[in-house]
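See below for the structure under consideration.
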Number of protein chains: 2
Amino acid sequence: MLKTLRVPEATVTRLSIYSRFLEKLDKNGVVSVSSGEIADGVGVSPAQVRKDLAYFGEFGTRGVGYNVKDLMRYTLKILGLDRHWNLVLVGAGNLGYALCTYRGFNERGFKIVAVFDNDLTKIGKKINELEVLPLEKMPGVIKEHGVRIGILATPTRAAQDVADFMIKNGIEAILNFAPLPLNLPDVIEVRNVDLSVKLEILTFNLGFKSAQNV
Amino acid sequence: MLKTLRVPEATVTRLSIYSRFLEKLDKNGVVSVSSGEIADGVGVSPAQVRKDLAYFGEFGTRGVGYNVKDLMRYTLKILGLDRHWNLVLVGAGNLGYALCTYRGFNERGFKIVAVFDNDLTKIGKKINELEVLPLEKMPGVIKEHGVRIGILATPTRAAQDVADFMIKNGIEAILNFAPLPLNLPDVIEVRNVDLSVKLEILTFNLGFKSAQNV
DNA sequence: TAAGGGTTGAGATAAAATTAACAATATGTG
DNA sequence: CACATATTGTTAATTTTATCTCAACCCTTA
């Protein structure tokens, strides 16, 4: 069914944005939408929207546009969000705490089922209804909850070891918040969320702007 | 001096990665490095490293490579990190708290000088040595500390209004953690850190992988 | 039913980014 | 010094991504 050959990652990223925008439209009772309206809503071109969708099929009606609810469901399905995903998180520091309590994950069907840390002062503490567990409990949790994705929110120095440990226990994909390039087998999907990189894009652009004015 | 015409954003992103890698090499006492070693270290191709650097000048020596300390300084300078940047942060929730205490910002020369929130239960509380202030105090803080960049870590519903308020008070660039597209003047630099988008890239890829196997 | 306006999907075109190739240059060795 | 090896910077080729264009199609209205 998926006629996907190779989908640019930028397309997947935008699809995620489209789908959230469509959810908002749907919540507001909007029934039909055009590529131009989606484009305006999320800040891309209408052609881009249509091209992105074209990787996966034909979802609209010529002369009419797209049915909001249908397109929302299609996009969610394409992203693999027509189901729930159980996650594990390692690192019960401030960032780990924030991620555990982040509403945005739940809204998209993600559930953190366990939090791990090796810091004895953190083990046993509660984050919402979750108790912080020692790393050694991870294998059991992964099996029990069918976890395929792990979130890495440890200090930088621990990140590589923890990532290796996750993989040894069957984790297939890692969302990495530690600011270092992980060295992992190619079959493992890794995406980095580097909190300061985007800040540095801002400072680069501000600096460039100043230079232009001189 | 900068022979910059138009630099791809991906190049700036990688530059940020390179510069952190170079800092690590420097800390480890490494004096000289080749584009191939940088490439291996951060997971890109050697040609990519050289091309990226070529946007900004000639920093290496043919047949030899790059001086680590020099290249580190050049990359930091290009990114605008040869100075300190004062930031303001709005939203004293769990994410705001985590960002305030995030070491990675400090390490790169960023300093959050004030935290704002309009939630009366949060105003007055302390995050490290910073007191959470009401939004109305922002104009003064921005002027006093020469703040040009704001971090937005509010709930989604408040994000647009807060962004408008920041801009009205002179903020030129925003790092937005709220999962919605902000509608702002073109002169304002905005970058979004969407915590769940990258998770959705992972689920997309996991789903796609399964599909391939069928 | 015919005409006009709107919108998609897809192929053609253009632009941008990445990779490859190689001349130029440095170092080390006999 | 001559030669072999290493590595950059730059140009060209390739690949990838985005934009443009327009036929096909839907809907409304007369």
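Naming works like this for the structure tokens: A, B, ... for the chains as they're shown, residue 1 at the start of each chain, ligands 1 onward in shown order.
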Exercise: DT17 (chain D) partners within 9 Å, only C-alpha atoms (C1' of nucleotides), chain neighbours under 6 positions left out, as a VMD selection string: (chain A and resid 8) or (chain C and resid 15 to 17)
All residues 8 Å or closer to region 162-170 of chain A, only C-alpha atoms (C1' of nucleotides), same chain fewer than 4 positions away omitted, as JSON, numbers by chain: {"A": [90, 138, 139, 142, 148, 150, 152, 158, 174, 182, 184, 188]}
Just the selected residues (N, CA and C atoms), exported as a PDB file, in the first residue's frame, please.
```pdb
ATOM      1  N   VAL A  90      15.972   7.040  30.274  1.00  0.00           N
ATOM      2  CA  VAL A  90      17.087   6.912  31.212  1.00  0.00           C
ATOM      3  C   VAL A  90      17.625   8.287  31.546  1.00  0.00           C
ATOM      4  N   MET A 138      15.950  -2.705  33.584  1.00  0.00           N
ATOM      5  CA  MET A 138      15.486  -2.358  32.247  1.00  0.00           C
ATOM      6  C   MET A 138      15.105  -3.557  31.382  1.00  0.00           C
ATOM      7  N   PRO A 139      15.931  -4.600  31.339  1.00  0.00           N
ATOM      8  CA  PRO A 139      15.600  -5.734  30.457  1.00  0.00           C
ATOM      9  C   PRO A 139      14.181  -6.248  30.683  1.00  0.00           C
ATOM     10  N   ILE A 142      11.513  -3.754  29.371  1.00  0.00           N
ATOM     11  CA  ILE A 142      11.455  -3.721  27.920  1.00  0.00           C
ATOM     12  C   ILE A 142      10.640  -4.898  27.385  1.00  0.00           C
ATOM     13  N   ARG A 148      10.262  -0.498  22.221  1.00  0.00           N
ATOM     14  CA  ARG A 148      11.217  -0.486  21.110  1.00  0.00           C
ATOM     15  C   ARG A 148      12.035   0.798  21.068  1.00  0.00           C
ATOM     16  N   GLY A 150      13.837   4.124  23.160  1.00  0.00           N
ATOM     17  CA  GLY A 150      14.344   4.653  24.420  1.00  0.00           C
ATOM     18  C   GLY A 150      14.711   6.123  24.309  1.00  0.00           C
ATOM     19  N   LEU A 152      17.096   9.054  25.886  1.00  0.00           N
ATOM     20  CA  LEU A 152      18.368   9.154  26.594  1.00  0.00           C
ATOM     21  C   LEU A 152      18.513  10.574  27.110  1.00  0.00           C
ATOM     22  N   ALA A 158      27.740   9.592  30.447  1.00  0.00           N
ATOM     23  CA  ALA A 158      27.133   8.269  30.593  1.00  0.00           C
ATOM     24  C   ALA A 158      26.412   7.820  29.333  1.00  0.00           C
ATOM     25  N   ILE A 174      16.519   5.296  19.385  1.00  0.00           N
ATOM     26  CA  ILE A 174      16.887   6.132  20.528  1.00  0.00           C
ATOM     27  C   ILE A 174      16.689   7.605  20.206  1.00  0.00           C
ATOM     28  N   LEU A 182      26.413   9.651  19.110  1.00  0.00           N
ATOM     29  CA  LEU A 182      26.482   8.264  19.589  1.00  0.00           C
ATOM     30  C   LEU A 182      27.039   7.373  18.502  1.00  0.00           C
ATOM     31  N   LEU A 184      26.746   3.868  17.205  1.00  0.00           N
ATOM     32  CA  LEU A 184      25.869   2.708  17.340  1.00  0.00           C
ATOM     33  C   LEU A 184      25.728   1.978  16.009  1.00  0.00           C
ATOM     34  N   ILE A 188      20.223   0.610  14.211  1.00  0.00           N
ATOM     35  CA  ILE A 188      19.553   1.364  15.270  1.00  0.00           C
ATOM     36  C   ILE A 188      19.209   2.762  14.764  1.00  0.00           C
TER      37      ILE A 188
END
```
Residues within 12 Å of Leu22 (chain B), only C-alpha atoms (C1' of nucleotides), excluding chain neighbours under 4 positions, as a PyMOL selection string: (chain A and resi 180) or (chain B and resi 15-18+26-35+37-39+41-42+66-76)
Generate a file of the selected residues that holds C-alpha atoms, formatted as a compact mmCIF listing (two decimals), in the first residue's frame.
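Written file, result.txt:
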```txt
# COMPACT_ATOMS: atom_id res chain seq x y z
CA LEU A 180 27.40 13.99 21.62
CA LEU B 15 29.45 23.60 12.39
CA SER B 16 27.97 23.58 15.85
CA ILE B 17 28.63 19.84 16.07
CA TYR B 18 32.16 20.21 14.74
CA ASP B 26 41.36 20.12 22.50
CA LYS B 27 40.50 19.11 26.06
CA ASN B 28 42.10 15.74 25.33
CA GLY B 29 45.27 17.46 24.22
CA VAL B 30 44.91 16.69 20.51
CA VAL B 31 46.78 19.30 18.51
CA SER B 32 46.07 18.46 14.89
CA VAL B 33 43.15 16.87 13.11
CA SER B 34 42.14 15.99 9.55
CA SER B 35 38.77 16.44 7.92
CA GLU B 37 38.97 12.40 11.63
CA ILE B 38 36.38 15.08 12.25
CA ALA B 39 34.07 13.29 9.84
CA GLY B 41 33.99 11.70 14.97
CA VAL B 42 30.67 13.25 14.12
CA TYR B 66 43.81 21.55 10.86
CA ASN B 67 45.18 22.92 14.09
CA VAL B 68 42.59 21.88 16.64
CA LYS B 69 42.71 24.94 18.86
CA ASP B 70 42.64 27.34 15.92
CA LEU B 71 39.80 25.61 14.14
CA MET B 72 37.86 25.37 17.38
CA ARG B 73 38.19 29.12 17.84
CA TYR B 74 37.26 29.84 14.24
CA THR B 75 34.13 27.71 14.42
CA LEU B 76 33.09 29.27 17.71
```
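Residues of region 87-152 of chain B that DSSP, applied to the backbone, places in strand (DSSP E or B): Leu87, Val88, Leu89, Val90, Phe110, Lys111, Ile112, Val113, Ala114, Val115, Phe116, Lys126, Ile127, Leu130, Glu131, Val132, Leu133, Ile149, Gly150, Ile151 and Leu152 of chain B.
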With C-alpha atoms kept, could you save the residues just selected as a PDB file, in the first residue's frame?
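What landed in part12.pdb:
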```pdb
ATOM      1  CA  LEU B  87      18.848  34.981  27.506  1.00  0.00           C
ATOM      2  CA  VAL B  88      15.422  35.302  29.014  1.00  0.00           C
ATOM      3  CA  LEU B  89      13.170  32.305  29.490  1.00  0.00           C
ATOM      4  CA  VAL B  90       9.407  32.327  29.777  1.00  0.00           C
ATOM      5  CA  PHE B 110      24.647  31.144  27.151  1.00  0.00           C
ATOM      6  CA  LYS B 111      23.290  32.544  30.391  1.00  0.00           C
ATOM      7  CA  ILE B 112      19.654  32.702  31.335  1.00  0.00           C
ATOM      8  CA  VAL B 113      19.409  35.958  33.247  1.00  0.00           C
ATOM      9  CA  ALA B 114      15.733  35.823  34.144  1.00  0.00           C
ATOM     10  CA  VAL B 115      12.766  33.459  34.196  1.00  0.00           C
ATOM     11  CA  PHE B 116       9.249  34.692  33.731  1.00  0.00           C
ATOM     12  CA  LYS B 126      13.591  30.126  42.948  1.00  0.00           C
ATOM     13  CA  ILE B 127      15.287  28.209  40.149  1.00  0.00           C
ATOM     14  CA  LEU B 130      16.977  33.007  39.824  1.00  0.00           C
ATOM     15  CA  GLU B 131      13.645  34.167  41.077  1.00  0.00           C
ATOM     16  CA  VAL B 132      10.646  33.602  38.820  1.00  0.00           C
ATOM     17  CA  LEU B 133       9.348  37.015  37.804  1.00  0.00           C
ATOM     18  CA  ILE B 149      17.258  36.014  22.484  1.00  0.00           C
ATOM     19  CA  GLY B 150      14.293  34.536  24.315  1.00  0.00           C
ATOM     20  CA  ILE B 151      13.426  30.949  25.124  1.00  0.00           C
ATOM     21  CA  LEU B 152       9.764  30.049  24.999  1.00  0.00           C
TER      22      LEU B 152
END
```
Give the superposed chain B as a PDB file with C-alpha atoms, in the first residue's frame, the fit being least squares on chain A over all ordered C-alpha pairs.
```pdb
ATOM      1  CA  MET B   1      -0.192   0.228  -0.154  1.00  0.00           C
ATOM      2  CA  LEU B   2       2.587   2.542   0.821  1.00  0.00           C
ATOM      3  CA  LYS B   3       4.174   3.484  -2.465  1.00  0.00           C
ATOM      4  CA  THR B   4       7.087   4.860  -0.456  1.00  0.00           C
ATOM      5  CA  LEU B   5      10.436   4.576  -2.151  1.00  0.00           C
ATOM      6  CA  ARG B   6      12.681   6.912  -0.264  1.00  0.00           C
ATOM      7  CA  VAL B   7      11.063   9.654   1.707  1.00  0.00           C
ATOM      8  CA  PRO B   8      13.159  12.674   2.628  1.00  0.00           C
ATOM      9  CA  GLU B   9      13.416  13.125   6.350  1.00  0.00           C
ATOM     10  CA  ALA B  10      12.294  16.716   5.916  1.00  0.00           C
ATOM     11  CA  THR B  11       9.071  15.366   4.480  1.00  0.00           C
ATOM     12  CA  VAL B  12       8.501  13.184   7.525  1.00  0.00           C
ATOM     13  CA  THR B  13       9.195  16.142   9.781  1.00  0.00           C
ATOM     14  CA  ARG B  14       6.665  18.257   7.935  1.00  0.00           C
ATOM     15  CA  LEU B  15       4.161  15.421   7.982  1.00  0.00           C
ATOM     16  CA  SER B  16       4.370  15.471  11.740  1.00  0.00           C
ATOM     17  CA  ILE B  17       3.671  19.208  11.688  1.00  0.00           C
ATOM     18  CA  TYR B  18       0.811  18.820   9.234  1.00  0.00           C
ATOM     19  CA  SER B  19      -0.787  16.118  11.327  1.00  0.00           C
ATOM     20  CA  ARG B  20      -0.778  18.271  14.437  1.00  0.00           C
ATOM     21  CA  PHE B  21      -2.203  21.172  12.481  1.00  0.00           C
ATOM     22  CA  LEU B  22      -4.932  18.901  11.125  1.00  0.00           C
ATOM     23  CA  GLU B  23      -5.764  17.746  14.635  1.00  0.00           C
ATOM     24  CA  LYS B  24      -6.229  21.359  15.602  1.00  0.00           C
ATOM     25  CA  LEU B  25      -8.479  22.025  12.613  1.00  0.00           C
ATOM     26  CA  ASP B  26     -10.487  18.929  13.402  1.00  0.00           C
ATOM     27  CA  LYS B  27     -10.888  19.964  17.025  1.00  0.00           C
ATOM     28  CA  ASN B  28     -12.151  23.322  15.772  1.00  0.00           C
ATOM     29  CA  GLY B  29     -14.752  21.588  13.656  1.00  0.00           C
ATOM     30  CA  VAL B  30     -13.152  22.331  10.291  1.00  0.00           C
ATOM     31  CA  VAL B  31     -14.226  19.691   7.795  1.00  0.00           C
ATOM     32  CA  SER B  32     -12.322  20.510   4.621  1.00  0.00           C
ATOM     33  CA  VAL B  33      -8.970  22.099   3.934  1.00  0.00           C
ATOM     34  CA  SER B  34      -6.812  22.957   0.920  1.00  0.00           C
ATOM     35  CA  SER B  35      -3.085  22.512   0.541  1.00  0.00           C
ATOM     36  CA  GLY B  36      -2.825  26.313   0.568  1.00  0.00           C
ATOM     37  CA  GLU B  37      -4.543  26.580   3.925  1.00  0.00           C
ATOM     38  CA  ILE B  38      -2.316  23.908   5.414  1.00  0.00           C
ATOM     39  CA  ALA B  39       0.675  25.687   3.927  1.00  0.00           C
ATOM     40  CA  ASP B  40      -0.334  29.005   5.466  1.00  0.00           C
ATOM     41  CA  GLY B  41      -0.999  27.322   8.759  1.00  0.00           C
ATOM     42  CA  VAL B  42       2.417  25.775   9.105  1.00  0.00           C
ATOM     43  CA  GLY B  43       4.601  28.088   7.029  1.00  0.00           C
ATOM     44  CA  VAL B  44       5.498  26.154   3.896  1.00  0.00           C
ATOM     45  CA  SER B  45       4.420  26.348   0.249  1.00  0.00           C
ATOM     46  CA  PRO B  46       1.251  24.679  -1.045  1.00  0.00           C
ATOM     47  CA  ALA B  47       3.299  22.733  -3.589  1.00  0.00           C
ATOM     48  CA  GLN B  48       5.408  21.423  -0.758  1.00  0.00           C
ATOM     49  CA  VAL B  49       2.367  20.127   1.063  1.00  0.00           C
ATOM     50  CA  ARG B  50       1.082  18.330  -2.016  1.00  0.00           C
ATOM     51  CA  LYS B  51       4.476  16.904  -2.868  1.00  0.00           C
ATOM     52  CA  ASP B  52       4.960  15.624   0.654  1.00  0.00           C
ATOM     53  CA  LEU B  53       1.598  13.903   0.634  1.00  0.00           C
ATOM     54  CA  ALA B  54       2.227  12.501  -2.825  1.00  0.00           C
ATOM     55  CA  TYR B  55       4.935  10.232  -1.419  1.00  0.00           C
ATOM     56  CA  PHE B  56       2.219   8.253   0.291  1.00  0.00           C
ATOM     57  CA  GLY B  57      -0.797   8.331  -1.978  1.00  0.00           C
ATOM     58  CA  GLU B  58      -3.699  10.469  -3.119  1.00  0.00           C
ATOM     59  CA  PHE B  59      -5.649  11.838  -0.220  1.00  0.00           C
ATOM     60  CA  GLY B  60      -7.466  14.792  -1.705  1.00  0.00           C
ATOM     61  CA  THR B  61     -10.097  15.596  -4.296  1.00  0.00           C
ATOM     62  CA  ARG B  62      -9.245  17.845  -7.223  1.00  0.00           C
ATOM     63  CA  GLY B  63     -11.108  21.082  -7.204  1.00  0.00           C
ATOM     64  CA  VAL B  64     -12.122  20.491  -3.598  1.00  0.00           C
ATOM     65  CA  GLY B  65      -9.267  19.842  -1.208  1.00  0.00           C
ATOM     66  CA  TYR B  66      -8.816  17.397   1.629  1.00  0.00           C
ATOM     67  CA  ASN B  67     -11.202  16.053   4.213  1.00  0.00           C
ATOM     68  CA  VAL B  68      -9.642  17.115   7.482  1.00  0.00           C
ATOM     69  CA  LYS B  69     -10.503  14.075   9.554  1.00  0.00           C
ATOM     70  CA  ASP B  70      -9.436  11.653   6.838  1.00  0.00           C
ATOM     71  CA  LEU B  71      -6.165  13.381   6.114  1.00  0.00           C
ATOM     72  CA  MET B  72      -5.443  13.651   9.821  1.00  0.00           C
ATOM     73  CA  ARG B  73      -5.905   9.907  10.173  1.00  0.00           C
ATOM     74  CA  TYR B  74      -3.805   9.159   7.113  1.00  0.00           C
ATOM     75  CA  THR B  75      -0.926  11.303   8.326  1.00  0.00           C
ATOM     76  CA  LEU B  76      -1.060   9.771  11.788  1.00  0.00           C
ATOM     77  CA  LYS B  77      -1.076   6.317  10.273  1.00  0.00           C
ATOM     78  CA  ILE B  78       1.881   7.099   8.030  1.00  0.00           C
ATOM     79  CA  LEU B  79       3.835   8.310  11.044  1.00  0.00           C
ATOM     80  CA  GLY B  80       3.012   5.112  12.895  1.00  0.00           C
ATOM     81  CA  LEU B  81       0.814   6.979  15.355  1.00  0.00           C
ATOM     82  CA  ASP B  82      -2.310   4.910  14.815  1.00  0.00           C
ATOM     83  CA  ARG B  83      -1.210   2.985  17.890  1.00  0.00           C
ATOM     84  CA  HIS B  84       0.415   3.583  21.264  1.00  0.00           C
ATOM     85  CA  TRP B  85       4.138   3.426  21.847  1.00  0.00           C
ATOM     86  CA  ASN B  86       5.691   2.514  25.138  1.00  0.00           C
ATOM     87  CA  LEU B  87       8.995   4.193  25.898  1.00  0.00           C
ATOM     88  CA  VAL B  88      11.702   3.897  28.485  1.00  0.00           C
ATOM     89  CA  LEU B  89      13.653   6.906  29.676  1.00  0.00           C
ATOM     90  CA  VAL B  90      17.093   6.901  31.228  1.00  0.00           C
ATOM     91  CA  GLY B  91      18.259   9.830  33.300  1.00  0.00           C
ATOM     92  CA  ALA B  92      16.109  11.136  36.129  1.00  0.00           C
ATOM     93  CA  GLY B  93      17.648  14.590  36.218  1.00  0.00           C
ATOM     94  CA  ASN B  94      15.755  17.787  35.549  1.00  0.00           C
ATOM     95  CA  LEU B  95      15.507  17.104  31.842  1.00  0.00           C
ATOM     96  CA  GLY B  96      14.327  13.546  32.415  1.00  0.00           C
ATOM     97  CA  TYR B  97      11.752  14.843  34.842  1.00  0.00           C
ATOM     98  CA  ALA B  98      10.522  17.400  32.331  1.00  0.00           C
ATOM     99  CA  LEU B  99      10.263  14.806  29.585  1.00  0.00           C
ATOM    100  CA  CYS B 100       8.357  12.438  31.864  1.00  0.00           C
ATOM    101  CA  THR B 101       5.800  15.084  32.615  1.00  0.00           C
ATOM    102  CA  TYR B 102       5.659  16.505  29.090  1.00  0.00           C
ATOM    103  CA  ARG B 103       2.070  16.449  27.873  1.00  0.00           C
ATOM    104  CA  GLY B 104       3.042  16.529  24.213  1.00  0.00           C
ATOM    105  CA  PHE B 105       4.187  12.911  24.282  1.00  0.00           C
ATOM    106  CA  ASN B 106       0.906  11.641  25.664  1.00  0.00           C
ATOM    107  CA  GLU B 107      -1.071  13.631  23.154  1.00  0.00           C
ATOM    108  CA  ARG B 108       0.703  11.807  20.358  1.00  0.00           C
ATOM    109  CA  GLY B 109       0.322   8.336  21.790  1.00  0.00           C
ATOM    110  CA  PHE B 110       3.659   8.004  23.557  1.00  0.00           C
ATOM    111  CA  LYS B 111       3.832   6.633  27.077  1.00  0.00           C
ATOM    112  CA  ILE B 112       6.929   6.497  29.204  1.00  0.00           C
ATOM    113  CA  VAL B 113       6.512   3.256  31.113  1.00  0.00           C
ATOM    114  CA  ALA B 114       9.662   3.412  33.207  1.00  0.00           C
ATOM    115  CA  VAL B 115      12.432   5.789  34.247  1.00  0.00           C
ATOM    116  CA  PHE B 116      15.897   4.567  35.018  1.00  0.00           C
ATOM    117  CA  ASP B 117      18.931   6.023  36.717  1.00  0.00           C
ATOM    118  CA  ASN B 118      21.973   4.651  38.412  1.00  0.00           C
ATOM    119  CA  ASP B 119      22.256   7.511  40.867  1.00  0.00           C
ATOM    120  CA  LEU B 120      21.347   6.024  44.245  1.00  0.00           C
ATOM    121  CA  THR B 121      19.968   9.358  45.417  1.00  0.00           C
ATOM    122  CA  LYS B 122      17.423   9.231  42.598  1.00  0.00           C
ATOM    123  CA  ILE B 123      16.412   5.580  42.622  1.00  0.00           C
ATOM    124  CA  GLY B 124      13.125   5.085  44.393  1.00  0.00           C
ATOM    125  CA  LYS B 125      11.946   8.660  43.919  1.00  0.00           C
ATOM    126  CA  LYS B 126       8.669   9.182  42.166  1.00  0.00           C
ATOM    127  CA  ILE B 127       8.026  11.072  38.941  1.00  0.00           C
ATOM    128  CA  ASN B 128       4.282  11.290  38.638  1.00  0.00           C
ATOM    129  CA  GLU B 129       3.244   7.723  39.342  1.00  0.00           C
ATOM    130  CA  LEU B 130       6.554   6.265  38.100  1.00  0.00           C
ATOM    131  CA  GLU B 131       9.261   5.128  40.423  1.00  0.00           C
ATOM    132  CA  VAL B 132      12.849   5.688  39.318  1.00  0.00           C
ATOM    133  CA  LEU B 133      14.420   2.273  38.833  1.00  0.00           C
ATOM    134  CA  PRO B 134      18.022   1.078  38.656  1.00  0.00           C
ATOM    135  CA  LEU B 135      19.253   0.288  35.160  1.00  0.00           C
ATOM    136  CA  GLU B 136      19.418  -3.428  35.865  1.00  0.00           C
ATOM    137  CA  LYS B 137      15.630  -3.531  35.841  1.00  0.00           C
ATOM    138  CA  MET B 138      15.493  -2.340  32.254  1.00  0.00           C
ATOM    139  CA  PRO B 139      15.605  -5.735  30.483  1.00  0.00           C
ATOM    140  CA  GLY B 140      12.491  -6.917  32.267  1.00  0.00           C
ATOM    141  CA  VAL B 141      10.588  -3.712  31.629  1.00  0.00           C
ATOM    142  CA  ILE B 142      11.455  -3.733  27.930  1.00  0.00           C
ATOM    143  CA  LYS B 143      10.186  -7.269  27.507  1.00  0.00           C
ATOM    144  CA  GLU B 144       7.103  -6.780  29.628  1.00  0.00           C
ATOM    145  CA  HIS B 145       5.950  -3.634  27.844  1.00  0.00           C
ATOM    146  CA  GLY B 146       7.229  -4.386  24.349  1.00  0.00           C
ATOM    147  CA  VAL B 147       9.374  -1.276  24.357  1.00  0.00           C
ATOM    148  CA  ARG B 148      11.244  -0.514  21.138  1.00  0.00           C
ATOM    149  CA  ILE B 149      12.202   3.129  21.727  1.00  0.00           C
ATOM    150  CA  GLY B 150      14.363   4.633  24.446  1.00  0.00           C
ATOM    151  CA  ILE B 151      14.898   8.229  25.472  1.00  0.00           C
ATOM    152  CA  LEU B 152      18.383   9.143  26.595  1.00  0.00           C
ATOM    153  CA  ALA B 153      18.533  12.056  29.028  1.00  0.00           C
ATOM    154  CA  THR B 154      21.659  11.222  30.987  1.00  0.00           C
ATOM    155  CA  PRO B 155      24.735  13.368  31.467  1.00  0.00           C
ATOM    156  CA  THR B 156      26.972  13.325  28.401  1.00  0.00           C
ATOM    157  CA  ARG B 157      29.610  11.100  29.973  1.00  0.00           C
ATOM    158  CA  ALA B 158      27.134   8.273  30.580  1.00  0.00           C
ATOM    159  CA  ALA B 159      25.263   8.493  27.289  1.00  0.00           C
ATOM    160  CA  GLN B 160      27.295   6.095  25.134  1.00  0.00           C
ATOM    161  CA  ASP B 161      27.335   3.342  27.741  1.00  0.00           C
ATOM    162  CA  VAL B 162      23.640   3.664  28.431  1.00  0.00           C
ATOM    163  CA  ALA B 163      22.897   3.603  24.705  1.00  0.00           C
ATOM    164  CA  ASP B 164      24.930   0.414  24.333  1.00  0.00           C
ATOM    165  CA  PHE B 165      23.063  -1.090  27.258  1.00  0.00           C
ATOM    166  CA  MET B 166      19.699  -0.184  25.769  1.00  0.00           C
ATOM    167  CA  ILE B 167      20.603  -1.826  22.497  1.00  0.00           C
ATOM    168  CA  LYS B 168      21.897  -4.947  24.156  1.00  0.00           C
ATOM    169  CA  ASN B 169      18.447  -5.260  25.645  1.00  0.00           C
ATOM    170  CA  GLY B 170      16.535  -4.933  22.419  1.00  0.00           C
ATOM    171  CA  ILE B 171      15.890  -1.221  22.022  1.00  0.00           C
ATOM    172  CA  GLU B 172      15.689  -0.401  18.299  1.00  0.00           C
ATOM    173  CA  ALA B 173      15.517   3.379  18.318  1.00  0.00           C
ATOM    174  CA  ILE B 174      16.904   6.110  20.541  1.00  0.00           C
ATOM    175  CA  LEU B 175      15.939   9.722  21.051  1.00  0.00           C
ATOM    176  CA  ASN B 176      19.153  11.205  22.346  1.00  0.00           C
ATOM    177  CA  PHE B 177      19.257  14.418  24.343  1.00  0.00           C
ATOM    178  CA  ALA B 178      22.935  14.143  25.224  1.00  0.00           C
ATOM    179  CA  PRO B 179      25.042  16.498  23.118  1.00  0.00           C
ATOM    180  CA  LEU B 180      27.401  13.987  21.599  1.00  0.00           C
ATOM    181  CA  PRO B 181      27.354  11.791  18.500  1.00  0.00           C
ATOM    182  CA  LEU B 182      26.501   8.260  19.579  1.00  0.00           C
ATOM    183  CA  ASN B 183      28.416   5.438  18.018  1.00  0.00           C
ATOM    184  CA  LEU B 184      25.889   2.716  17.342  1.00  0.00           C
ATOM    185  CA  PRO B 185      25.115  -0.032  14.820  1.00  0.00           C
ATOM    186  CA  ASP B 186      23.492   1.195  11.626  1.00  0.00           C
ATOM    187  CA  VAL B 187      20.338  -0.794  12.235  1.00  0.00           C
ATOM    188  CA  ILE B 188      19.583   1.340  15.276  1.00  0.00           C
ATOM    189  CA  GLU B 189      17.572   4.456  14.563  1.00  0.00           C
ATOM    190  CA  VAL B 190      18.959   7.454  16.398  1.00  0.00           C
ATOM    191  CA  ARG B 191      17.821  11.042  16.393  1.00  0.00           C
ATOM    192  CA  ASN B 192      19.469  13.726  18.431  1.00  0.00           C
ATOM    193  CA  VAL B 193      17.704  16.581  20.125  1.00  0.00           C
ATOM    194  CA  ASP B 194      20.491  18.982  20.805  1.00  0.00           C
ATOM    195  CA  LEU B 195      19.133  21.807  22.885  1.00  0.00           C
ATOM    196  CA  SER B 196      21.905  24.257  22.163  1.00  0.00           C
ATOM    197  CA  VAL B 197      22.449  23.653  18.445  1.00  0.00           C
ATOM    198  CA  LYS B 198      19.342  25.601  17.532  1.00  0.00           C
ATOM    199  CA  LEU B 199      20.349  28.389  19.871  1.00  0.00           C
ATOM    200  CA  GLU B 200      23.618  28.543  17.981  1.00  0.00           C
ATOM    201  CA  ILE B 201      21.774  28.837  14.696  1.00  0.00           C
ATOM    202  CA  LEU B 202      20.093  31.863  16.213  1.00  0.00           C
ATOM    203  CA  THR B 203      23.352  33.437  17.319  1.00  0.00           C
ATOM    204  CA  PHE B 204      24.869  32.690  13.928  1.00  0.00           C
ATOM    205  CA  ASN B 205      22.005  34.459  12.231  1.00  0.00           C
ATOM    206  CA  LEU B 206      22.051  37.396  14.620  1.00  0.00           C
ATOM    207  CA  GLY B 207      25.762  37.793  14.060  1.00  0.00           C
ATOM    208  CA  PHE B 208      25.368  37.533  10.341  1.00  0.00           C
ATOM    209  CA  LYS B 209      22.618  40.109  10.409  1.00  0.00           C
ATOM    210  CA  SER B 210      24.835  42.544  12.270  1.00  0.00           C
ATOM    211  CA  ALA B 211      27.626  41.931   9.783  1.00  0.00           C
ATOM    212  CA  GLN B 212      25.281  42.693   6.913  1.00  0.00           C
ATOM    213  CA  ASN B 213      24.411  46.058   8.390  1.00  0.00           C
ATOM    214  CA  VAL B 214      28.003  47.194   8.741  1.00  0.00           C
TER     215      VAL B 214
END
```
All alpha helix (DSSP H) positions in chain A, as a PyMOL selection string: chain A and resi 9-27+35-42+46-54+68-78+94-100+103-107+138-145+156-168+197-213
Spatial neighbours of region 10-13 of chain D, max dist 10 Å, only C-alpha atoms (C1' of nucleotides), sep filter under 5 positions, as number ranges by chain: B: 51, 54; C: 19-23
Per residue of chain C within 7 Å of chain A, which atom pair is closest and at what distance in Å (one decimal), using only C-alpha atoms (C1' of nucleotides), listed by chain and increasing number, as CSV?
```
residue,atom,partner,partner_atom,distance
C:DG6,C1',A:Gly63,CA,5.4
C:DT7,C1',A:Gly63,CA,3.8
C:DT8,C1',A:Arg62,CA,4.1
```
Counting only C-alpha atoms (C1' of nucleotides), collect the residues of chain D whose closest atom lies at most 8 Å from chain B, and write them out as a short mmCIF file (atom, residue, chain, number, x, y, z; two decimals) with C-alpha atoms (C1' of nucleotides), in the first residue's frame.
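Below is the file that was written, iface_2.cif:
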```cif
data_model
loop_
_atom_site.label_atom_id
_atom_site.label_comp_id
_atom_site.auth_asym_id
_atom_site.auth_seq_id
_atom_site.Cartn_x
_atom_site.Cartn_y
_atom_site.Cartn_z
"C1'" DA D 6 48.99 12.64 3.19
"C1'" DT D 7 45.51 16.16 3.14
"C1'" DT D 8 43.41 20.49 1.85
"C1'" DG D 9 40.58 23.61 -1.13
#
```
